[in-house]
Every structure is written in structure tokens, then in C-alpha cells.
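Here is the structure we will look at, set down as C-alpha cells.
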Amino acid sequence: MIHFYNVSKFYENQTAIRNITFSVEKGEMAFITGKSGAGKSTLLKLIYVAEKPDEGKISIAGWETDKLKESSIPFLRRNIGIVFQDFRLLDNKNVFDNVALTLRIRGVDENEVKTRVFDALKMVTLRHKTGSFPKTLSGGEQQMVVIARAIVGEPTILLADEPTGNLDPDTAAGIIRVFKEINAKGITILIATHNRELFRNTGRRVIRLDTGNFVGEEAG
Amino acid sequence: MIHFYNVSKFYENQTAIRNITFSVEKGEMAFITGKSGAGKSTLLKLIYVAEKPDEGKISIAGWETDKLKESSIPFLRRNIGIVFQDFRLLDNKNVFDNVALTLRIRGVDENEVKTRVFDALKMVTLRHKTGSFPKTLSGGEQQMVVIARAIVGEPTILLADEPTGNLDPDTAAGIIRVFKEINAKGITILIATHNRELFRNTGRRVIRLDTGNFVGEEAG
Amino acid sequence: MFLSYSFRLAMQSIWREKWINLLSVLTIAAGLLIITLALFSIYNINLATKKLPEKFSIMLYLKDGLSDQDIGNITAALMKDNAVEKVKYIPKDEAIKELRGVIKDADYILEGLNENPLPASIELKLKQKYFDPSTVKRLASDIKRIKGVDEVEFGEQFLTSIHSIKTGVQTLGILLIAILSAGIIFVCYSTVKILFYRKKEEIETLKLLGATRGFIRAPFVIEGGLLGGAGGFFGMVGALAFYYGLFNRLTLTMPLFKGVVFPFEMFIFLPLVGLFLGITGAIIALGRIRF
Amino acid sequence: MFLSYSFRLAMQSIWREKWINLLSVLTIAAGLLIITLALFSIYNINLATKKLPEKFSIMLYLKDGLSDQDIGNITAALMKDNAVEKVKYIPKDEAIKELRGVIKDADYILEGLNENPLPASIELKLKQKYFDPSTVKRLASDIKRIKGVDEVEFGEQFLTSIHSIKTGVQTLGILLIAILSAGIIFVCYSTVKILFYRKKEEIETLKLLGATRGFIRAPFVIEGGLLGGAGGFFGMVGALAFYYGLFNRLTLTMPLFKGVVFPFEMFIFLPLVGLFLGITGAIIALGRIRF
Ligand SMILES: Nc1ncnc2c1ncn2[C@@H]1O[C@H](COP(=O)(O)OP(=O)(O)OP(=O)(O)O)[C@@H](O)[C@H]1O
Ligand SMILES: Nc1ncnc2c1ncn2[C@@H]1O[C@H](COP(=O)(O)OP(=O)(O)OP(=O)(O)O)[C@@H](O)[C@H]1O
Ligand SMILES: [Mg+2]
Ligand SMILES: [Mg+2]
């Protein structure tokens with residue numbers, strides 16, 4: 001599903017990713033971990049083509065990203081649900097409309113939008129905040145809206161960047177349960193996190209990065 | 001230093017804080033914990049007068065907040081360093097200028113600004129990112145800039161809202177060490193967090209909230 | 001189709017930022033109103049100068065003792081010229097009558113004269129489009145060569161001053177309209193550009209969620225069109241208010257303003273012009289969207 | 001003081017958003033330029049109508065056989081009136097000479113007349129400020145009652161049309177300036193308001209970090225002032241370019257434009273006006289800052 005071949009990404013005065021080769025297979029649920037600034041977010045950005053690699057090749061759900069026409073990028077991204085580290089909620093839309101955006105972009109019928117958005121909000125236990133605006137939500141509530149927005153489109157790949165940074169351990173465990181349910185339906189999931197609790201005793205694959213380098217794999 | 005007497009805060013369809021009474025004494029370092037949406041951020045907002053209580057009285061560093069003239073609010077806030085949960089970094093300023101803002105607002109001499117900002121950035125191990133803009137930093141790096149901005153003003157009270165949500169455990173432990181150093185100088189510190197690791201085995205006071213209610217105190 | 005959603009989005013965005021959008025609409029309206037008033041002034045000044053050639057004539061004073069045949073020949077020769085609109089023969093009798101009119105109170109001076117001392121003459125009117133100094137001069141020298149013509153007279157000074165008024169008004173008019181048009185397009189552009197700047201983050205997010213270019217553009221284009229259209233509508237209301245509230249009243253007290261024509265089509269098209277400018281501005285402001 | 005820092009902030013903010021700010025500056029410049037041109041036109045049209053009263057006169061035709069003493073009395077009576085600027089006595093001899101001038105070619109008609117049939121007359125010129133139809137009519141009926149005056153004549157139609165041109169130009173002028181002034185103030189206001197909207201988050205953060213109202217306001221006011229001042233400066237450049245590049249050339253080819261006066265002070269003050277408008281707009285746009 002996700003294949004990196006000798007991929008590197010450099011910023012002006014910084015190496016974010018150095019010569020990384022790895023694959024995540026269809027239906028897998030894997031973790032990326034590493035210190036702050038290790039390159040976790042950059043790696044995810046390469047997957048959803050928000051950044052282009054300076055070296056190497058990337059293939060996502062069968063699309064070779066270097067051969068991708070610019071106008072096809074939206075259609076690649078429609079296969080991917082993303083939990084952004086910085087949330088990226090639209091302040092001028094309420095919770096419902098923020099989550100619905102994923103579906104409306106795809107031109108989904110409004111009735112279906114309604115049922116699917118409410119289902120997704122139920123999954124993250126946020127149905128009571130449907131009409132609230134992001135600025136009036138607590139940090140953890142905002143993070144759950146982002147998760148709902150990522151899963152509502154029923155993507156084939158789910159990327160989550162520090163999805164529990166603002167959640168208490170119980171809620172975080174609940175989110176991981178949701179991820180496992182989704183994963184059980186065959187969706188490939190890749191989670192970048194510092195939180196060892198998330199992958200401890202899951203038996204899932206954990207990829208460890210250090211200042212852009214691949215430093216090992218383990219089972220959580 | 002911080003005194004709450006029977007304080008409540010209601011939003012339209014939500015009780016954020018219900019009838020809370022507690023004190024944090026000068027030089028103390030305390031934690032607030034509780035589930036997502038429990039009212040931790042609201043409690044901190046009441047301290048830095050970003051919200052006004054609907055019931056009860058609050059006294060901060062000797063100022064009665066209900067008797068405070070509006071024009072005095074900036075001067076109360078200059079006693080308080082804040083690590084915001086949503087960072088509140090200015091995207092159009094680089095790291096140095098973001099941190100320097102705290103001092104420039106107070107009219108501190110530019111030479112002094114320079115030394116103090118560099119000192120603060122050294123404390124959070126970010127001296128090499130001085131000229132970077134927030135959008136080019138990793139999540140953890142941004143959080144460290146916010147911490148540097150909060151401590152550079154040498155406040156008498158330091159409030160931190162989920163200060164390690166985007167930090168790996170090692171870096172988080174480093175930040176807590178920095179907080180302890182500052183606390184040793186007599187500065188009062190109040191930290192809202194989900195992260196039990198932060199207060200486990202510190203022996204510090206932990207205040208526990210649940211949907212706006214005070215549900216107990218313990219030693220971490 | 002996502003268009004109904006885009007439309008809803010645009011309406012929401014307009015409503016959410018209603019004050020700033022009201023500002024934009026009013027700016028566009030003011031711009032369009034000023035352009036309308038300028039066009040209106042130019043249109044009318046042009047109309048007024050167009051009437052002037054009617055008052056201008058070339059006079060041919062004829063030699064004495066020409067037969068009707070001779071006069072017919074001269075008239076025919078004159079009519080051959082493209083530039084000539086109308087030819088009017090004024091016999092000696094009529095000339096003296098006119099002179100009597102001029103000296104009015106003292107017309108008894110003319111009494112007791114046996115012979116009419118004034119020559120017969122022909123008055124020439126020119127066609128609108130040939131009304132310029134060079135044609136008139138060419139014509140005058142041509143005419144002088146016709147047999148039987150004694151002298152040719154025309155108000156040379158009048159002619160040149162009328163001509164410079166006309167070209168002056170046209171030049172200034174075109175200039176003014178150019179400046180104002182640039183101004184209004186600029187306002188539309190910057191309104192939408194500002195809208196775009198304001199939504200930069202939102203656009204970034206939409207891209208990352210898999211939105212196509214069309215989906216991203218649509219609400220902006222609709223919003224630009226609505227703002228421009230509303231601006232045009234209010235501009236029209238302003239122009240109509242100007243016409244009925246002020247201008248009609250001016251006409252009552254000041255005869256100078258009678259005969260001024262209002263091109264009503266211009267008003268009806270104002271909202272359409274606004275719509276067009278708004279959409280154009282939006283498209284220019286959005287530029288090329290890169291993923 | 002934090003002012004040097006505020007100034008630096010304003011400069012940075014201007015530079016960082018240089019394109020959007022260039023747009024603002026150019027909008028302000030265009031607005032000020034149009035206002036300048038409007039003022040300039042009105043000023044000159046007014047100047048031109050001011051010269052018209054010189055060409056207007058009231059004619060008094062005197063009875064025959066008045067002594068020099070009588071004429072002196074009449075002249076003195078006329079000079080007593082406030083509205084009268086100049087009195088000119090035209091004896092019978094001169095009147096006939098003038099008539100000869102009028103009928104030119106036919107002046108031999110007048111030969112052989114024993115007696116001069118024309119009356120002596122007095123030409124009255126009015127003072128600038130009394131030049132309006134009602135004063136003239138009042139004056140004419142007063143004069144008619146003076147002993148020795150036979151008849152009073154004045155171009156009533158000319159008078160009313162001149163008067164309506166003058167009031168028309170003034171009314172339209174004031175109206176145009178009002179619309180344009182409102183427009184330019186509006187542009188300044190909305191420019192700063194947009195700036196303010198754009199920095200809403202930043203202002204929130206500054207408040208939470210302990211900034212005073214003055215600290216928050218200063219960069220905006222400086223930025224508004226700089227933008228307005230720059231707009232005024234470019235407006236001035238535009239106006240000067242208009243004058244030297246276009247107007248001077250027009251004057252060469254079109255005598256109509258000779259005698260047009262350029263109020264240069266207006267240009268020099270444009271940057272100051274821009275500065276003032278920018279600062280005013282910024283202060284209005286910021287409104288009351290609440291913590
Ligand atoms: N746009 C950019 N321009 C320049 N440098 C960048 C940019 N984006 C990221 N970086 C740098 O690349 C490095 C890796 O960043 P990345 O966001 O991938 O880290 P991360 O592993 O996600 O860290 P965290 O856990 O703190 O979020 C960091 O040092 C960061 O400063
Ligand atoms: N401005 C507001 N308007 C309405 N409701 C609000 C507002 N701010 C907070 N709330 C609600 O008040 C409750 C408490 O919010 P608060 O931000 O204090 O929680 P928290 O303990 O900080 O949670 P987290 O750990 O997720 O950050 C939440 O349910 C939130 O939705
Ligand atoms: Mg990251
Ligand atoms: Mg919170």
C-alpha cells in the first residue's frame with residue numbers, strides 16, 4: 001500500500017528524512033516513533049504529497065507519486081484520511097461542517113453526509129458538540145473532531161500524526177480501539193506518535209526514526 | 001498566590017467549572033489533571049483573566065480580579081507566563097521574535113532582549129532554530145518555542161496547558177526539569193496535563209477535575 | 001454537482017463576514033456610480049457638441065446681376081460636395097430685411113434708400129462628420145473659384161474653438177473613463193484578493209482533504225460575483241437616486257440642464273457589469289492553484 | 001519607549017505583505033488622484049465663470065438734450081449703488097461710430113443723414129459678488145426711475161443662463177467632491193479594517209501576553225499612516241504626471257486650455273492628506289480594544 005525506496009527529504013538547513021526504504025502492506029496498522037524533529041510528520045507529508053522527496057521513489061495505493069499529474073493529486077488524497085498534528089480545523093465552520101467537508105469535497109449526497117457525519121461523531125463520542133465551533137472546544141475535543149473528519153470518508157489509508165497528544169489516557173485508549181475497528185475492515189493505518197502507551201503490548205510494527213534516519217523496527 | 005473561592009464558569013450549554021475553591025501558594029508547583037473537557041484550560045483562563053467567572057471570587061498575586069480595572073489587566077498578565085495549549089505562535093515572526101515579544105511588550109532594552117531570548121531558547125534546546133518560522137518547525141519544536149516565550153519574562157506565576165502533548169518522553173522529562181529549576185527560584189507553577197508520567201513520583205500536589213467539579217487532590 | 005454546496009458556502013462566507021463584505025460592496029458601488037456619472041457627463045457633453053455644427057454656416061456672397069440659371073448652377077455645384085448638408089439661397093430682398101432686424105431701433109436710417117445695397121447670398125450647412133477646420137478651409141477655397149461667387153465668409157475662430165472643445169472633451173473623457181475603469185477593476189481585484197488572503201489557510205486545508213481546483217475556486221468565484229453584482233445593484237440604486245432625487249430637481253430650477261439625456265440602458269446593465277467585474281476579479285485574484 | 005519597536009513592526013508588516021499593501025497604496029493614490037483632478041476641474045470652471053460678469057453690462061439709453069450737469073447727476077446716482085462697479089458714458093457721436101462698425105459693408109447707408117438718430121447711453125458694469133438675476137432686476141427698475149433715463153436694457157437671457165451655469169457647476173462640484181471624499185475615507189477605513197481583521201489572532205495573542213492598548217494600536221496607526229502617506233505621495237506623483245505629461249501638451253495644441261490654473265499647494269499637501277486619512281482610518285478601524 002505504502003512503499004518508500006531510498007527516500008530523502010532535505011530542508012534548507014536540515015535533513016528531515018535520509019535514505020529511507022520501507023513498506024506498509026494493505027490492512028497493516030503500524031506506528032512511527034522518534035524524538036521531536038525526527039522526521040515523523042515529514043514522512044507522513046511525503047505520503048499525502050504535501051511534500052515531494054528530493055531523492056528516491058514513493059508509491060501510494062498503486063500511484064507512483066513522481067509520475068502523478070498535479071490534477072490527480074486530489075484523487076490520490078481522497079484515498080487517504082489524515083489526522084493532522086496541528087488539527088487544521090476551519091474556525092468559521094462548526095463541528096458538523098468541519099467533518100462533513102471530507103464528504104462534500106467528494107460530492108456526496110447531503111442525506112448521506114448527514115448519516116455518515118453523525119456516525120463518525122458518535123465513534124469519537126462528540127455527538128453533543130455537533131453545532132459548536134472549534135474555538136469553543138477543549139483541546140481534546142478538537143483532536144477528536146479531526147479524527148472524525150479523517151475516518152468519515154472511509155479512506156483506504158489512514159494517517160494519524162500524534163492523534164492523542166491532547167487526549168487523556170482513557171480517551172486515547174478509546175481512540176486506539178476505534179482505529180483497530182477500522183483496521184479490522186482492511187484499512188491501512190500509520191500512526192506517528194511519541195506516546196509509548198499507544199503501541200505498548202499491541203504487537204503491531206513500530207518504526208523508529210532518529211533525525212531523519214531509520215533506526216530500527218520492533219513489535220509494540 | 002492563586003486563590004479561588006466558590007468559582008463557577010458556565011458556557012451556553014456547558015458547565016466548565018462548578019463551585020471550585022482552592023489555593024496555590026507562592027513557590028508551589030502543582031498539577032491539574034482530568035479528562036478531556038474537564039475544565040482544565042478554563043481554570044487556567046480564569047487565572048489569566050481571559051474569562052471572567054460567573055460566580056465566586058478569584059485573587060491572583062494579590063489582585064482581586066473582579067475589582068480589576070480593564071486597563072490594569074495587561075499589568076496583571078505581565079506577572080504570568082503562559083504555555084498555551086494551542087501554542088498561539090505568530091506565523092509571521094520567526095522563533096526569536098516570537099519569544100522576544102514577551103519582553104518587547106514590557107519595553108525591555110533590545111540588548112537585554114537578545115541575551116534573555118537566547119538564554120530561554122538554550123533552556124529548551126532550540127538555539128539552532130532561532131531564525132525559523134513556526135510553520136517550518138515540528139510540533140514538538142513549536143511547543144518548546146511556546147515554553148521559551150512563557151519563561152523568558154521571568155514571571156512570578158507560570159501556567160502551562162498540556163506543555164508536553166507534542167513532546168517525546170525524554171524531551172518532556174527535560175522540560176519538567178526546566179520547570180523545577182524555575183520553581184526552585186520561587187516561581188509558582190501550575191501545569192494542566194493528561195500525562196501521568198509528568199507528575200508520577202514528583203510528590204507534588206495534583207488537583208483532579210471531572211466535568212467542572214473538583215474531585216480530589218493527591219500527591220504525584 | 002457541488003455547485004449548490006459552493007453557493008451555500010459563498011452565502012455563509014458573505015454572511016459570516018457581513019461587515020467587511022458590506023464595505024466591499026459599497027466600495028464597488030461607489031466606483032460604479034462614479035463611472036456611471038462620468039459616462040453620463042461625457043455622453044451629454046458629446047451630445048451637446050454634436051448639435052453645434054447646426055449653428056455653423058458658410059456664407060457665399062454672390063455677384064450682382066446673376067440669372068436664376070446661374071444661381072441654379074452654383075447651387076448644383078455646391079450640392080455635389082460630400083461635406084455639404086444643406087444649401088439656402090438668400091435673395092437681396094431678404095438680406096435687407098435681415099439687416100433691418102439687426103439695427104432695430106434705427107431702421108428708419110434705411111428708409112429712403114432707392115437701391116438695395118446688399119448682395120444676394122447662399123448659406124451652406126455642413127454634414128456632422130465633415131465638421132472640422134481643414135474640410136471647411138478646403139471647401140471655402142473651392143467655392144471661391146465657382147463663377148459668380150464674390151466672397152466667402154465663415155466664423156473661423158468659432159470653428160476652431162468648437163473643434164477644440166470637442167476633441168478636448170473626448171480626450172479628457174476617454175482619459176477619465178480609463179482611470180476610473182482601472183480603479184474599479186482594481187477595487188474588485190483587491191477585494192477578492194483580500195478574500196483570498198483571508199482564506200489562505202482554509203484553501204490549504206481543502207487541498208489536503210482532496211478538493212479539486214474547481215471545488216476550491218467555485219465559492220470564491222460565486223462570492224466575487226455576488227459582491228460585484230450587489231455592488232452594481234447598489235451603484236444602480238445610487239445612480240437612479242441621483243437622477244430622480246437631484247437631477248430632476250435641478251432641471252426644474254435650471255433651464256441649462258434641460259435637454260440632458262439619460263441613457264437608461266446603462267443603469268440596467270450596472271448589476272451585470274458588477275457581476276462580470278466581480279467574477280473576473282475573483283478569477284484573476286485566485287490565479288493558478290497548485291497542489 | 002516602544003515606539004521604535006512599533007515602527008519596526010509596522011515596516012516589517014508592510015514588507016511581509018508587500019503586494020497586498022501595494023494594492024492598498026495604489027487604491028488610496030488613485031482615490032486621491034481622482035479627487036485632485038475633480039477639485040482641479042471645479043476650481044478652473046469656477047474661475048472661468050468668475051470672468052463672465054466682466055462681459056455683462058446694463059445699458060441705459062438717455063433722453064435727448066440732457067446737459068453735462070444732468071449726466072453728471074445720473075452717473076453719481078448710479079455710483080451710489082453698492083452693486084455698481086464701473087460706469088461708462090457713451091455720447092451720441094460714439095454710438096453712431098459703433099453702429100457703423102456693426103453694419104460695416106453697408107455703412108454708406110448712414111451717409112447723408114443730417115441728424116444723428118441714436119441716443120446717448122451709459123454702460124454699467126456690476127461687481128462680481130452682486131452678479132445675480134435678482135440684483136440686476138432690482139437695479140434695472142431703480143435706474144428706470146432716475147430722471148433723464150429713457151430706457152434700460154440688459155441681456156436677461158444671457159444673465160440667467162450664466163447664473164445657472166455657475167450654480168450648476170457649484171452644486172455638481174460640491175456633490176462630486178462629497179461622493180469622492182466619502183469614497184477615499186472609505187477606502188482608507190476599509191484598508192485598515194482589513195489589516196485589522198487579518199491580524200485579529202495576533203492582537204488576541206498580544207493581549208494575552210500583557211500588551212497595553214497603546215502597544216497594540218501603535219503599529220496599526222503607524223502602518224495606516226505610512227500607507228496613507230505613500231498613497232498620497234503616489235497620488236501627487238500621478239497628479240504631477242497628469243499635469244506635465246498630458247495637460248501641458250494639451251495646452252499647446254488646444255487654445256481652449258490656456259488660462260487654466262493649477263493650484264500647486266494642493267499637490268504638496270496630498271501626502272499630508274493621505275497621512276491624515278490613513279491615521280484617522282486606522283484609529284476608526286481599531287475602535288475600542290477590550291481585554
Ligand atoms: N517546511 C520546513 N522548512 C524547514 N524545515 C522544516 C520544515 N518542516 C520541517 N522542518 C524541519 O524538519 C525536521 C523534522 O520535522 P518533522 O515535523 O518531520 O518532525 P517530527 O518528527 O514530526 O517532530 P514532532 O514530534 O516534534 O512533531 C525538524 O527539525 C523541522 O524543524
Ligand atoms: N468559549 C467556549 N464556549 C462554549 N463552550 C466552551 C468554551 N470553552 C470551553 N468550552 C467547553 O467547556 C468544557 C471545558 O473546556 P476546557 O477547554 O476547559 O477543557 P479541558 O479540561 O482543557 O480539556 P482538554 O484536556 O481536552 O484540553 C468543554 O466541554 C468545552 O467544550
Ligand atoms: Mg510532527
Ligand atoms: Mg484544555
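We name chains A, B, ... following the order of the C-alpha cells; residues begin at 1 in each chain, and ligands are numbered from 1 as shown.
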
### Task
Determine, counting only C-alpha atoms, which protein, DNA and RNA residues have an atom within 10 Å of an atom of range 98-105 of chain B; residues of the same chain fewer than 4 positions away are not included. Present the result as a ChimeraX atom specification.
/B:74,78,81,88-94,109-110,112-114,116-118,120-121,130,133-134,145-154 /D:2,5-6,206-212,215-216

### Task
For ligand 3, list the contacting residues at 9 Å or closer, counting only C-alpha atoms and all ligand atoms, as number ranges by chain.
A: 36-42, 44, 84-86, 161-162, 192-193; B: 137-141, 166

Next, the residues of the selection above should be written as a compact mmCIF listing (two decimals), in the first residue's frame with N, CA and C atoms.
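Generated output (out29.txt):
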# COMPACT_ATOMS: atom_id res chain seq x y z
N SER A 36 11.26 14.40 19.02
CA SER A 36 10.75 15.61 18.39
C SER A 36 11.72 16.04 17.29
N GLY A 37 11.20 16.30 16.09
CA GLY A 37 12.05 16.71 14.97
C GLY A 37 12.73 15.56 14.26
N ALA A 38 12.31 14.32 14.59
CA ALA A 38 12.95 13.14 13.97
C ALA A 38 12.54 12.98 12.52
N GLY A 39 11.44 13.55 12.11
CA GLY A 39 11.01 13.46 10.71
C GLY A 39 9.70 12.71 10.52
N LYS A 40 8.97 12.46 11.63
CA LYS A 40 7.72 11.70 11.55
C LYS A 40 6.68 12.43 10.68
N SER A 41 6.44 13.69 10.98
CA SER A 41 5.44 14.44 10.22
C SER A 41 5.86 14.56 8.76
N THR A 42 7.14 14.78 8.53
CA THR A 42 7.64 14.89 7.16
C THR A 42 7.36 13.60 6.39
N LEU A 44 4.97 11.48 6.87
CA LEU A 44 3.53 11.44 6.54
C LEU A 44 3.21 12.41 5.40
N PHE A 84 -4.26 15.57 11.29
CA PHE A 84 -3.12 16.49 11.29
C PHE A 84 -2.67 16.80 12.70
N GLN A 85 -1.34 16.93 12.85
CA GLN A 85 -0.81 17.26 14.18
C GLN A 85 -1.31 18.63 14.64
N ASP A 86 -1.43 19.56 13.68
CA ASP A 86 -1.89 20.91 14.04
C ASP A 86 -3.39 21.09 13.75
N ASP A 161 -1.19 11.82 12.89
CA ASP A 161 0.03 12.45 13.41
C ASP A 161 -0.22 12.91 14.84
N GLU A 162 0.34 12.19 15.77
CA GLU A 162 0.17 12.49 17.20
C GLU A 162 -1.32 12.64 17.54
N ALA A 192 1.88 8.26 13.70
CA ALA A 192 3.11 8.84 14.22
C ALA A 192 2.84 9.30 15.64
N THR A 193 3.62 8.83 16.59
CA THR A 193 3.37 9.22 17.99
C THR A 193 4.60 9.09 18.87
N LEU B 137 8.59 24.43 11.72
CA LEU B 137 9.06 23.66 12.87
C LEU B 137 8.21 22.42 13.06
N SER B 138 8.79 21.40 13.67
CA SER B 138 8.00 20.22 14.01
C SER B 138 7.09 20.59 15.18
N GLY B 139 6.06 19.77 15.43
CA GLY B 139 5.11 20.05 16.50
C GLY B 139 5.80 20.25 17.84
N GLY B 140 6.76 19.38 18.15
CA GLY B 140 7.46 19.48 19.41
C GLY B 140 8.29 20.74 19.51
N GLU B 141 8.93 21.11 18.38
CA GLU B 141 9.75 22.33 18.37
C GLU B 141 8.88 23.56 18.64
N ASN B 166 3.06 17.40 22.58
CA ASN B 166 3.74 17.10 21.33
C ASN B 166 5.20 16.73 21.53

### Message
So that I can check the secondary structure, give me every residue of range 83-200 of chain A assigned strand (DSSP E) by backbone DSSP, as a PyMOL selection string.
### Response
chain A and resi 83+157-161+188-192

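The two atoms in question, atom 2 (C, counted along the ligand's line) of ligand 2 and CA of Asn195 in chain B, are spaced 23.6 Å apart.
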
### Surrounding residues of Ala120 in chain C excluding itself and chain neighbours under 5 positions, 8 Å, only C-alpha atoms, as a list in words
Tyr61, Leu62, Lys63, Asp64, Tyr89, Ile90, Pro91, Lys92 and Ala95 of chain C

Next, the residues of the selection above should be written as a JSON list (two decimals), in the first residue's frame with N, CA and C atoms.
[["chain", "number", "residue", "atom", "x", "y", "z"],
["C", 61, "TYR", "N", -21.25, 85.25, -50.68],
["C", 61, "TYR", "CA", -21.87, 86.48, -51.21],
["C", 61, "TYR", "C", -21.73, 86.45, -52.73],
["C", 62, "LEU", "N", -22.88, 86.61, -53.41],
["C", 62, "LEU", "CA", -22.88, 86.46, -54.86],
["C", 62, "LEU", "C", -22.70, 87.81, -55.55],
["C", 63, "LYS", "N", -22.15, 87.74, -56.76],
["C", 63, "LYS", "CA", -22.02, 88.96, -57.57],
["C", 63, "LYS", "C", -23.42, 89.44, -57.93],
["C", 64, "ASP", "N", -23.55, 90.75, -58.23],
["C", 64, "ASP", "CA", -24.85, 91.28, -58.63],
["C", 64, "ASP", "C", -25.21, 90.82, -60.05],
["C", 89, "TYR", "N", -30.57, 79.66, -50.44],
["C", 89, "TYR", "CA", -30.36, 80.90, -51.19],
["C", 89, "TYR", "C", -31.07, 82.05, -50.50],
["C", 90, "ILE", "N", -30.34, 83.14, -50.28],
["C", 90, "ILE", "CA", -30.94, 84.32, -49.66],
["C", 90, "ILE", "C", -30.88, 85.49, -50.65],
["C", 91, "PRO", "N", -32.05, 85.85, -51.25],
["C", 91, "PRO", "CA", -32.04, 86.94, -52.24],
["C", 91, "PRO", "C", -31.79, 88.30, -51.57],
["C", 92, "LYS", "N", -31.49, 89.31, -52.41],
["C", 92, "LYS", "CA", -31.19, 90.65, -51.91],
["C", 92, "LYS", "C", -32.27, 91.18, -50.96],
["C", 95, "ALA", "N", -32.04, 89.85, -47.56],
["C", 95, "ALA", "CA", -30.84, 90.35, -46.87],
["C", 95, "ALA", "C", -31.13, 91.69, -46.21]]

### Task
Compile the contact shell of range 123-138 of chain D as a ChimeraX atom specification: residues with an atom at most 6 Å away, counting only C-alpha atoms, same-chain residues fewer than 6 positions apart removed.
/D:57-59,83-88

Could you save those same residues with N, CA and C atoms as a CSV table (one decimal), in the first residue's frame?
chain,number,residue,atom,x,y,z
D,57,SER,N,-23.2,93.7,-19.3
D,57,SER,CA,-23.4,95.1,-18.9
D,57,SER,C,-24.9,95.5,-19.0
D,58,ILE,N,-25.3,96.5,-18.2
D,58,ILE,CA,-26.6,97.1,-18.3
D,58,ILE,C,-26.5,98.4,-19.1
D,59,MET,N,-27.4,98.5,-20.1
D,59,MET,CA,-27.3,99.7,-20.9
D,59,MET,C,-28.4,100.7,-20.6
D,83,ALA,N,-23.8,97.7,-5.9
D,83,ALA,CA,-23.6,96.7,-6.9
D,83,ALA,C,-22.8,97.1,-8.1
D,84,VAL,N,-22.7,98.5,-8.3
D,84,VAL,CA,-22.1,99.0,-9.5
D,84,VAL,C,-20.6,99.1,-9.4
D,85,GLU,N,-20.0,98.6,-10.4
D,85,GLU,CA,-18.5,98.5,-10.4
D,85,GLU,C,-18.0,99.7,-11.2
D,86,LYS,N,-18.6,99.9,-12.4
D,86,LYS,CA,-18.0,100.8,-13.4
D,86,LYS,C,-19.1,101.5,-14.2
D,87,VAL,N,-19.0,102.8,-14.5
D,87,VAL,CA,-20.0,103.5,-15.3
D,87,VAL,C,-19.3,104.1,-16.4
D,88,LYS,N,-19.8,103.9,-17.6
D,88,LYS,CA,-19.2,104.5,-18.8
D,88,LYS,C,-20.2,105.2,-19.7
